[in-house]
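Quick look at data_5.pdb (PDB, C-alpha atoms and all ligand atoms):
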```pdb
ATOM      1  CA  MET A   1       0.000   0.000   0.000
ATOM      2  CA  ASP A   2       1.193   3.519  -0.812
ATOM      3  CA  ILE A   3       2.273   5.519   2.196
ATOM      4  CA  THR A   4       1.949   9.291   2.073
ATOM      5  CA  VAL A   5       3.418  11.755   4.556
ATOM      6  CA  ARG A   6       1.944  15.111   5.527
ATOM      7  CA  ARG A   7       2.168  17.625   8.374
ATOM      8  CA  ALA A   8       0.144  16.592  11.415
ATOM      9  CA  GLU A   9      -3.104  18.493  11.883
ATOM     10  CA  PRO A  10      -4.951  19.109  15.171
ATOM     11  CA  GLY A  11      -7.503  16.429  14.220
ATOM     12  CA  ASP A  12      -4.747  13.780  14.108
ATOM     13  CA  PHE A  13      -4.247  13.835  17.886
ATOM     14  CA  GLU A  14      -6.333  10.740  18.534
ATOM     15  CA  ALA A  15      -4.390   8.706  15.964
ATOM     16  CA  VAL A  16      -1.037   9.871  17.356
ATOM     17  CA  TRP A  17      -2.219   9.133  20.902
ATOM     18  CA  ARG A  18      -3.273   5.639  19.714
ATOM     19  CA  ASN A  19       0.146   5.104  18.086
ATOM     20  CA  PHE A  20       1.851   5.901  21.374
ATOM     21  CA  SER A  21      -0.516   3.560  23.236
ATOM     22  CA  ASP A  22       1.165   0.712  21.333
ATOM     23  CA  GLU A  23       3.637  -1.070  23.624
ATOM     24  CA  SER A  24       6.459  -1.316  21.097
ATOM     25  CA  ALA A  25       6.020   2.341  20.098
ATOM     26  CA  TYR A  26       6.367   3.726  23.648
ATOM     27  CA  SER A  27       9.007   1.147  24.600
ATOM     28  CA  GLY A  28      11.188   2.046  21.607
ATOM     29  CA  THR A  29      10.966   5.773  22.335
ATOM     30  CA  LEU A  30      11.154   7.855  25.512
ATOM     31  CA  GLN A  31       7.357   8.033  25.838
ATOM     32  CA  LEU A  32       5.561   6.550  28.832
ATOM     33  CA  PRO A  33       2.861   3.863  28.844
ATOM     34  CA  HIS A  34      -0.711   5.139  29.259
ATOM     35  CA  PRO A  35      -0.169   8.313  27.258
ATOM     36  CA  SER A  36      -2.494  11.182  27.991
ATOM     37  CA  ARG A  37      -4.998  11.848  25.230
ATOM     38  CA  GLU A  38      -5.401  15.438  26.435
ATOM     39  CA  THR A  39      -1.643  16.080  26.291
ATOM     40  CA  TRP A  40      -1.584  14.942  22.649
ATOM     41  CA  ARG A  41      -4.663  17.042  21.861
ATOM     42  CA  LYS A  42      -2.939  20.149  23.201
ATOM     43  CA  ARG A  43       0.398  19.329  21.553
ATOM     44  CA  LEU A  44      -1.175  18.988  18.102
ATOM     45  CA  ALA A  45      -3.563  21.918  18.567
ATOM     46  CA  GLU A  46      -0.730  24.297  19.401
ATOM     47  CA  PRO A  47       2.644  22.924  18.333
ATOM     48  CA  ALA A  48       5.511  24.795  19.973
ATOM     49  CA  ASP A  49       7.491  27.144  17.701
ATOM     50  CA  GLY A  50      10.161  25.377  15.691
ATOM     51  CA  HIS A  51       8.688  21.903  16.246
ATOM     52  CA  TYR A  52       7.383  20.048  13.182
ATOM     53  CA  LEU A  53       5.143  17.001  13.450
ATOM     54  CA  PHE A  54       4.385  14.690  10.546
ATOM     55  CA  VAL A  55       2.086  11.730  10.059
ATOM     56  CA  ALA A  56       2.295   8.834   7.620
ATOM     57  CA  CYS A  57      -0.993   7.700   6.112
ATOM     58  CA  ALA A  58      -2.176   4.558   4.363
ATOM     59  CA  GLY A  59      -5.328   5.850   2.701
ATOM     60  CA  ASP A  60      -7.132   7.724   5.477
ATOM     61  CA  GLU A  61      -5.478   5.794   8.278
ATOM     62  CA  VAL A  62      -2.623   7.385  10.243
ATOM     63  CA  VAL A  63      -0.012   4.630  10.528
ATOM     64  CA  GLY A  64       2.994   6.429  11.972
ATOM     65  CA  ASN A  65       4.302   9.776  13.130
ATOM     66  CA  SER A  66       7.536  11.681  13.332
ATOM     67  CA  GLY A  67       8.732  14.857  14.996
ATOM     68  CA  LEU A  68      11.538  17.238  14.165
ATOM     69  CA  HIS A  69      12.550  19.322  17.179
ATOM     70  CA  PRO A  70      15.175  21.970  17.982
ATOM     71  CA  ALA A  71      18.114  20.074  19.478
ATOM     72  CA  SER A  72      18.798  22.879  21.970
ATOM     73  CA  ARG A  73      17.722  26.385  22.918
ATOM     74  CA  SER A  74      21.249  27.697  22.445
ATOM     75  CA  PRO A  75      21.594  29.817  19.284
ATOM     76  CA  ARG A  76      24.957  28.147  18.787
ATOM     77  CA  ARG A  77      23.116  24.890  18.159
ATOM     78  CA  SER A  78      20.488  26.366  15.853
ATOM     79  CA  HIS A  79      21.874  24.268  12.976
ATOM     80  CA  ALA A  80      20.938  21.042  14.802
ATOM     81  CA  MET A  81      17.588  19.318  15.133
ATOM     82  CA  ALA A  82      16.521  16.120  16.849
ATOM     83  CA  LEU A  83      14.308  13.494  15.318
ATOM     84  CA  GLY A  84      11.736  11.059  16.708
ATOM     85  CA  LEU A  85       9.807   8.326  14.942
ATOM     86  CA  ALA A  86       7.068   5.872  15.897
ATOM     87  CA  VAL A  87       5.155   3.279  13.919
ATOM     88  CA  PRO A  88       2.620   1.055  15.731
ATOM     89  CA  SER A  89       3.308  -2.699  15.625
ATOM     90  CA  PRO A  90       0.758  -3.720  12.937
ATOM     91  CA  TRP A  91       2.531  -1.388  10.502
ATOM     92  CA  GLN A  92       6.156  -2.021  11.414
ATOM     93  CA  GLY A  93       8.409  -3.504   8.751
ATOM     94  CA  ARG A  94       6.148  -2.290   5.935
ATOM     95  CA  GLY A  95       8.020   0.793   4.777
ATOM     96  CA  VAL A  96       6.281   3.401   6.944
ATOM     97  CA  GLY A  97       9.471   4.423   8.794
ATOM     98  CA  THR A  98      11.279   4.694   5.461
ATOM     99  CA  ALA A  99       8.562   6.982   4.056
ATOM    100  CA  LEU A 100       8.582   9.163   7.183
ATOM    101  CA  LEU A 101      12.345   9.474   7.272
ATOM    102  CA  ALA A 102      12.533  10.303   3.548
ATOM    103  CA  ALA A 103       9.999  13.093   4.066
ATOM    104  CA  VAL A 104      11.560  14.467   7.242
ATOM    105  CA  THR A 105      15.164  14.437   5.968
ATOM    106  CA  GLY A 106      13.964  16.042   2.708
ATOM    107  CA  PHE A 107      12.150  18.748   4.701
ATOM    108  CA  ALA A 108      15.184  19.396   6.905
ATOM    109  CA  ASP A 109      17.684  19.377   4.016
ATOM    110  CA  GLY A 110      15.676  21.380   1.531
ATOM    111  CA  TRP A 111      13.622  23.791   3.596
ATOM    112  CA  LEU A 112      15.135  24.373   7.019
ATOM    113  CA  ASN A 113      18.557  25.535   7.987
ATOM    114  CA  VAL A 114      19.492  22.164   9.449
ATOM    115  CA  PHE A 115      23.066  20.992   9.088
ATOM    116  CA  ARG A 116      22.974  18.287  11.737
ATOM    117  CA  LEU A 117      20.159  15.829  12.462
ATOM    118  CA  GLU A 118      20.589  13.852  15.654
ATOM    119  CA  LEU A 119      18.817  11.200  17.652
ATOM    120  CA  THR A 120      19.215   8.541  20.296
ATOM    121  CA  VAL A 121      18.122   4.972  19.695
ATOM    122  CA  PHE A 122      18.124   1.997  22.054
ATOM    123  CA  ALA A 123      21.217  -0.044  21.292
ATOM    124  CA  ASP A 124      19.151  -3.232  20.792
ATOM    125  CA  ASN A 125      16.668  -1.619  18.355
ATOM    126  CA  GLU A 126      18.133  -3.245  15.238
ATOM    127  CA  ARG A 127      15.326  -2.241  12.924
ATOM    128  CA  ALA A 128      15.555   1.440  13.828
ATOM    129  CA  ILE A 129      19.360   1.434  13.604
ATOM    130  CA  ALA A 130      19.176  -0.193  10.137
ATOM    131  CA  LEU A 131      16.675   2.433   9.040
ATOM    132  CA  TYR A 132      18.786   5.346  10.284
ATOM    133  CA  ARG A 133      21.938   3.950   8.652
ATOM    134  CA  LYS A 134      20.038   3.683   5.360
ATOM    135  CA  PHE A 135      19.522   7.465   5.574
ATOM    136  CA  GLY A 136      23.145   8.273   6.337
ATOM    137  CA  PHE A 137      23.049   8.469  10.143
ATOM    138  CA  GLU A 138      26.282   7.370  11.801
ATOM    139  CA  THR A 139      26.861   6.158  15.341
ATOM    140  CA  GLU A 140      28.824   8.690  17.386
ATOM    141  CA  GLY A 141      28.882   6.879  20.718
ATOM    142  CA  THR A 142      26.994   4.985  23.389
ATOM    143  CA  HIS A 143      25.082   6.511  26.260
ATOM    144  CA  ARG A 144      25.264   3.956  29.073
ATOM    145  CA  ALA A 145      22.158   3.319  31.182
ATOM    146  CA  TYR A 146      20.513   6.185  29.305
ATOM    147  CA  ALA A 147      16.860   5.411  30.031
ATOM    148  CA  LEU A 148      14.650   3.128  32.050
ATOM    149  CA  ARG A 149      12.679   0.632  29.986
ATOM    150  CA  ASP A 150      10.282  -1.609  31.856
ATOM    151  CA  GLY A 151      12.414  -1.741  34.981
ATOM    152  CA  ARG A 152      15.888  -1.878  33.405
ATOM    153  CA  TYR A 153      18.399   0.735  32.409
ATOM    154  CA  VAL A 154      19.137   0.476  28.697
ATOM    155  CA  ASP A 155      21.999   1.893  26.628
ATOM    156  CA  THR A 156      21.319   4.087  23.634
ATOM    157  CA  LEU A 157      23.405   4.942  20.610
ATOM    158  CA  ALA A 158      23.900   8.595  19.733
ATOM    159  CA  MET A 159      23.458   8.828  15.967
ATOM    160  CA  ALA A 160      23.706  11.849  13.701
ATOM    161  CA  ARG A 161      23.701  12.778  10.042
ATOM    162  CA  LEU A 162      25.279  15.910   8.583
ATOM    163  CA  ARG A 163      23.508  17.427   5.576
ATOM    164  CA  PRO A 164      24.973  15.604   2.585
ATOM    165  CA  LYS A 165      25.164  18.635   0.233
ATOM    166  CA  SER A 166      25.635  22.326   0.904
ATOM    167  CA  PRO A 167      22.814  24.514  -0.374
TER     168      PRO A 167
HETATM  169  C1  LIG B   1      11.886   1.657  14.216
HETATM  170  C2  LIG B   1      10.737   2.018  13.283
HETATM  171  C3  LIG B   1      10.541   3.521  13.264
HETATM  172  C4  LIG B   1      11.096   1.543  11.851
HETATM  173  O1  LIG B   1      10.020   1.829  10.998
HETATM  174  P1  LIG B   1       9.409   0.645  10.081
HETATM  175  O2  LIG B   1       8.261   1.199   9.337
HETATM  176  O3  LIG B   1       9.140  -0.522  10.958
HETATM  177  O4  LIG B   1      10.655   0.358   9.125
HETATM  178  P2  LIG B   1      10.687   0.037   7.561
HETATM  179  O5  LIG B   1       9.637  -0.974   7.221
HETATM  180  O6  LIG B   1      10.642   1.322   6.811
HETATM  181  O7  LIG B   1      12.108  -0.701   7.436
HETATM  182  C5  LIG B   1      13.313  -0.129   7.852
HETATM  183  C6  LIG B   1      14.519  -0.932   7.386
HETATM  184  O8  LIG B   1      14.955  -1.767   8.474
HETATM  185  C7  LIG B   1      15.137  -3.104   8.002
HETATM  186  N1  LIG B   1      14.733  -4.005   9.071
HETATM  187  C8  LIG B   1      13.498  -4.368   9.420
HETATM  188  N2  LIG B   1      13.544  -5.180  10.497
HETATM  189  C9  LIG B   1      14.829  -5.309  10.818
HETATM  190  C10 LIG B   1      15.526  -6.008  11.839
HETATM  191  N3  LIG B   1      14.862  -6.740  12.755
HETATM  192  N4  LIG B   1      16.870  -5.923  11.887
HETATM  193  C11 LIG B   1      17.565  -5.183  10.985
HETATM  194  N5  LIG B   1      16.940  -4.496   9.982
HETATM  195  C12 LIG B   1      15.591  -4.561   9.918
HETATM  196  C13 LIG B   1      14.204  -3.229   6.838
HETATM  197  O9  LIG B   1      14.676  -4.281   6.006
HETATM  198  C14 LIG B   1      14.255  -1.850   6.217
HETATM  199  O10 LIG B   1      15.361  -1.698   5.356
HETATM  200  P3  LIG B   1      15.217  -1.977   3.761
HETATM  201  O11 LIG B   1      14.171  -1.052   3.239
HETATM  202  O12 LIG B   1      16.581  -1.663   3.276
HETATM  203  O13 LIG B   1      14.823  -3.412   3.635
HETATM  204  C15 LIG B   1       9.424   1.324  13.719
HETATM  205  O14 LIG B   1       9.581  -0.079  13.655
HETATM  206  C16 LIG B   1       8.979   1.732  15.114
HETATM  207  O15 LIG B   1       8.384   2.777  15.269
HETATM  208  N6  LIG B   1       9.232   0.916  16.118
HETATM  209  C17 LIG B   1       8.784   1.201  17.492
HETATM  210  C18 LIG B   1       9.226   2.565  18.028
HETATM  211  C19 LIG B   1      10.678   2.821  17.761
HETATM  212  O16 LIG B   1      11.495   1.953  17.961
HETATM  213  N7  LIG B   1      10.983   4.040  17.314
HETATM  214  C20 LIG B   1      12.333   4.456  17.000
HETATM  215  C21 LIG B   1      12.846   5.289  18.095
HETATM  216  S1  LIG B   1      14.542   5.762  17.877
END
```

Translate this file's structure into structure tokens.
Ligand SMILES: CC(C)(COP(=O)(O)OP(=O)(O)OC[C@H]1O[C@@H](n2cnc3c(N)ncnc32)[C@H](O)[C@@H]1OP(=O)(O)O)[C@@H](O)C(=O)NCCC(=O)NCCS
Amino acid sequence: MDITVRRAEPGDFEAVWRNFSDESAYSGTLQLPHPSRETWRKRLAEPADGHYLFVACAGDEVVGNSGLHPASRSPRRSHAMALGLAVPSPWQGRGVGTALLAAVTGFADGWLNVFRLELTVFADNERAIALYRKFGFETEGTHRAYALRDGRYVDTLAMARLRPKSP
């Protein structure tokens, strides 16, 4: 099925909230179980300045989401943005992450002044790491015991991609 990507709209909050209710989606990210529907409603109704949220759709169904966020408030890091990605389990391994990452890297490269895209990924998340490598992200190091996941501290890889071509 064709996957299309567009900017998230306020009316998408329920779909995004449902995506993050999926165990593998919150476990693979830094979200918590039992996400708040109201928090997602507010976040999509009034996205903070400089934050860009995207959804992937199969027909009318929202099947994944991604966010591009300022990496820091420091003006000296204004060339860097951080990336997040979540696809609920029924849609994983079907090209949704690839479509989202193609759209988000294209947006960052072509339309924003982003030189460096960065992210953290759990060191055992082989699918996500393979996806990021496919888009030119390289591992820069390991954060030890970076986050708690279901009662255990888990390492993450710091990955980043510098814009392949100068404007
Ligand atoms: C990680 C995630 C975003 C990937 O998105 P996806 O839609 O499942 O990925 P895609 O179907 O686009 O496939 C990505 C690539 O990984 C490869 N891949 C799939 N499963 C893999 C595995 N177990 N090990 C290694 N590579 C794998 C695929 O072959 C594909 O590469 P290809 O196109 O060259 O064949 C998605 O699975 C997800 O949201 N998981 C839960 C939350 C999460 O982990 N988010 C990432 C936070 S950093």

task: Determine the residue membership of the PyMOL selection byres (((not hetatm)) within 8 of (chain B and resi 1)) for the file above and supply it as a ChimeraX atom specification.
output: /A:24-29,64,84-89,91-99,119-122,125-131,134

Selection file, C-alpha atoms, as a PDB file, keeping the file's coordinate frame:
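This is the output file again04.pdb:
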```
ATOM      1  CA  SER A  24       6.459  -1.316  21.097  1.00  0.00           C
ATOM      2  CA  ALA A  25       6.020   2.341  20.098  1.00  0.00           C
ATOM      3  CA  TYR A  26       6.367   3.726  23.648  1.00  0.00           C
ATOM      4  CA  SER A  27       9.007   1.147  24.600  1.00  0.00           C
ATOM      5  CA  GLY A  28      11.188   2.046  21.607  1.00  0.00           C
ATOM      6  CA  THR A  29      10.966   5.773  22.335  1.00  0.00           C
ATOM      7  CA  GLY A  64       2.994   6.429  11.972  1.00  0.00           C
ATOM      8  CA  GLY A  84      11.736  11.059  16.708  1.00  0.00           C
ATOM      9  CA  LEU A  85       9.807   8.326  14.942  1.00  0.00           C
ATOM     10  CA  ALA A  86       7.068   5.872  15.897  1.00  0.00           C
ATOM     11  CA  VAL A  87       5.155   3.279  13.919  1.00  0.00           C
ATOM     12  CA  PRO A  88       2.620   1.055  15.731  1.00  0.00           C
ATOM     13  CA  SER A  89       3.308  -2.699  15.625  1.00  0.00           C
ATOM     14  CA  TRP A  91       2.531  -1.388  10.502  1.00  0.00           C
ATOM     15  CA  GLN A  92       6.156  -2.021  11.414  1.00  0.00           C
ATOM     16  CA  GLY A  93       8.409  -3.504   8.751  1.00  0.00           C
ATOM     17  CA  ARG A  94       6.148  -2.290   5.935  1.00  0.00           C
ATOM     18  CA  GLY A  95       8.020   0.793   4.777  1.00  0.00           C
ATOM     19  CA  VAL A  96       6.281   3.401   6.944  1.00  0.00           C
ATOM     20  CA  GLY A  97       9.471   4.423   8.794  1.00  0.00           C
ATOM     21  CA  THR A  98      11.279   4.694   5.461  1.00  0.00           C
ATOM     22  CA  ALA A  99       8.562   6.982   4.056  1.00  0.00           C
ATOM     23  CA  LEU A 119      18.817  11.200  17.652  1.00  0.00           C
ATOM     24  CA  THR A 120      19.215   8.541  20.296  1.00  0.00           C
ATOM     25  CA  VAL A 121      18.122   4.972  19.695  1.00  0.00           C
ATOM     26  CA  PHE A 122      18.124   1.997  22.054  1.00  0.00           C
ATOM     27  CA  ASN A 125      16.668  -1.619  18.355  1.00  0.00           C
ATOM     28  CA  GLU A 126      18.133  -3.245  15.238  1.00  0.00           C
ATOM     29  CA  ARG A 127      15.326  -2.241  12.924  1.00  0.00           C
ATOM     30  CA  ALA A 128      15.555   1.440  13.828  1.00  0.00           C
ATOM     31  CA  ILE A 129      19.360   1.434  13.604  1.00  0.00           C
ATOM     32  CA  ALA A 130      19.176  -0.193  10.137  1.00  0.00           C
ATOM     33  CA  LEU A 131      16.675   2.433   9.040  1.00  0.00           C
ATOM     34  CA  LYS A 134      20.038   3.683   5.360  1.00  0.00           C
TER      35      LYS A 134
END
```

- request: Might you spell out which residues the PyMOL selection byres (((chain A and resi 66-78) around 6) and not hetatm) would select in the displayed file, as a ChimeraX atom specification?
  value: /A:51-54,65,79-85

Prev. selection, C-alpha atoms, output as a CSV table (one decimal), in the coordinates of the input:
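Output below, filename out_2.csv:
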```csv
chain,number,residue,atom,x,y,z
A,51,HIS,CA,8.7,21.9,16.2
A,52,TYR,CA,7.4,20.0,13.2
A,53,LEU,CA,5.1,17.0,13.4
A,54,PHE,CA,4.4,14.7,10.5
A,65,ASN,CA,4.3,9.8,13.1
A,79,HIS,CA,21.9,24.3,13.0
A,80,ALA,CA,20.9,21.0,14.8
A,81,MET,CA,17.6,19.3,15.1
A,82,ALA,CA,16.5,16.1,16.8
A,83,LEU,CA,14.3,13.5,15.3
A,84,GLY,CA,11.7,11.1,16.7
A,85,LEU,CA,9.8,8.3,14.9
```

task: Mind giving me the straight-line distance from CA of Ala45 in chain A to CA of Glu9 in chain A in Å, one decimal?
output: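 Value for the CA of Ala45 in chain A-CA of Glu9 in chain A distance: 7.5 Å.
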
- line: CA of Pro33 in chain A sits from CA of Trp17 in chain A at a separation of 10.8 Å

task: Have a look at A:Leu30, A:Ala15, A:Thr39, A:Val5 and name the one nearest to Val55 in chain A; count all atoms listed in the file.
output: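 Among the listed residues, the smallest separation from Val55 in chain A belongs to A:Val5.
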
task: Enter the distance from CA of Tyr153 in chain A to CA of Glu118 in chain A, in Å, rounded to one decimal.
output: 21.4 Å

message: Considering all atoms listed in the file, can you say which of A:Ala160, A:Val154, A:Val16, A:Leu148 comes closest to Val114 in chain A?
response: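 Checking each of A:Ala160, A:Val154, A:Val16, A:Leu148 against Val114 in chain A, counting all atoms listed in the file, the winner is A:Ala160.
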
task: Counting all atoms listed in the file, figure out which residue out of A:His34, A:Arg144, A:Arg149, A:Arg43 gets nearest to Asp22 in chain A.
output: A:His34

task: Select, from A:Trp40, A:Arg6, A:Leu112, A:Leu117, the residue with the minimum atom-to-atom distance to Val62 in chain A, counting all atoms listed in the file.
output: A:Arg6

- request: Compare A:Ala102, A:Gly151, A:Thr156, A:Ala108 by their minimum atom-to-atom distance to Asp124 in chain A, counting only C-alpha atoms, and give me the closest one.
  value: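 Using only C-alpha atoms, Asp124 in chain A sits closest to A:Thr156.
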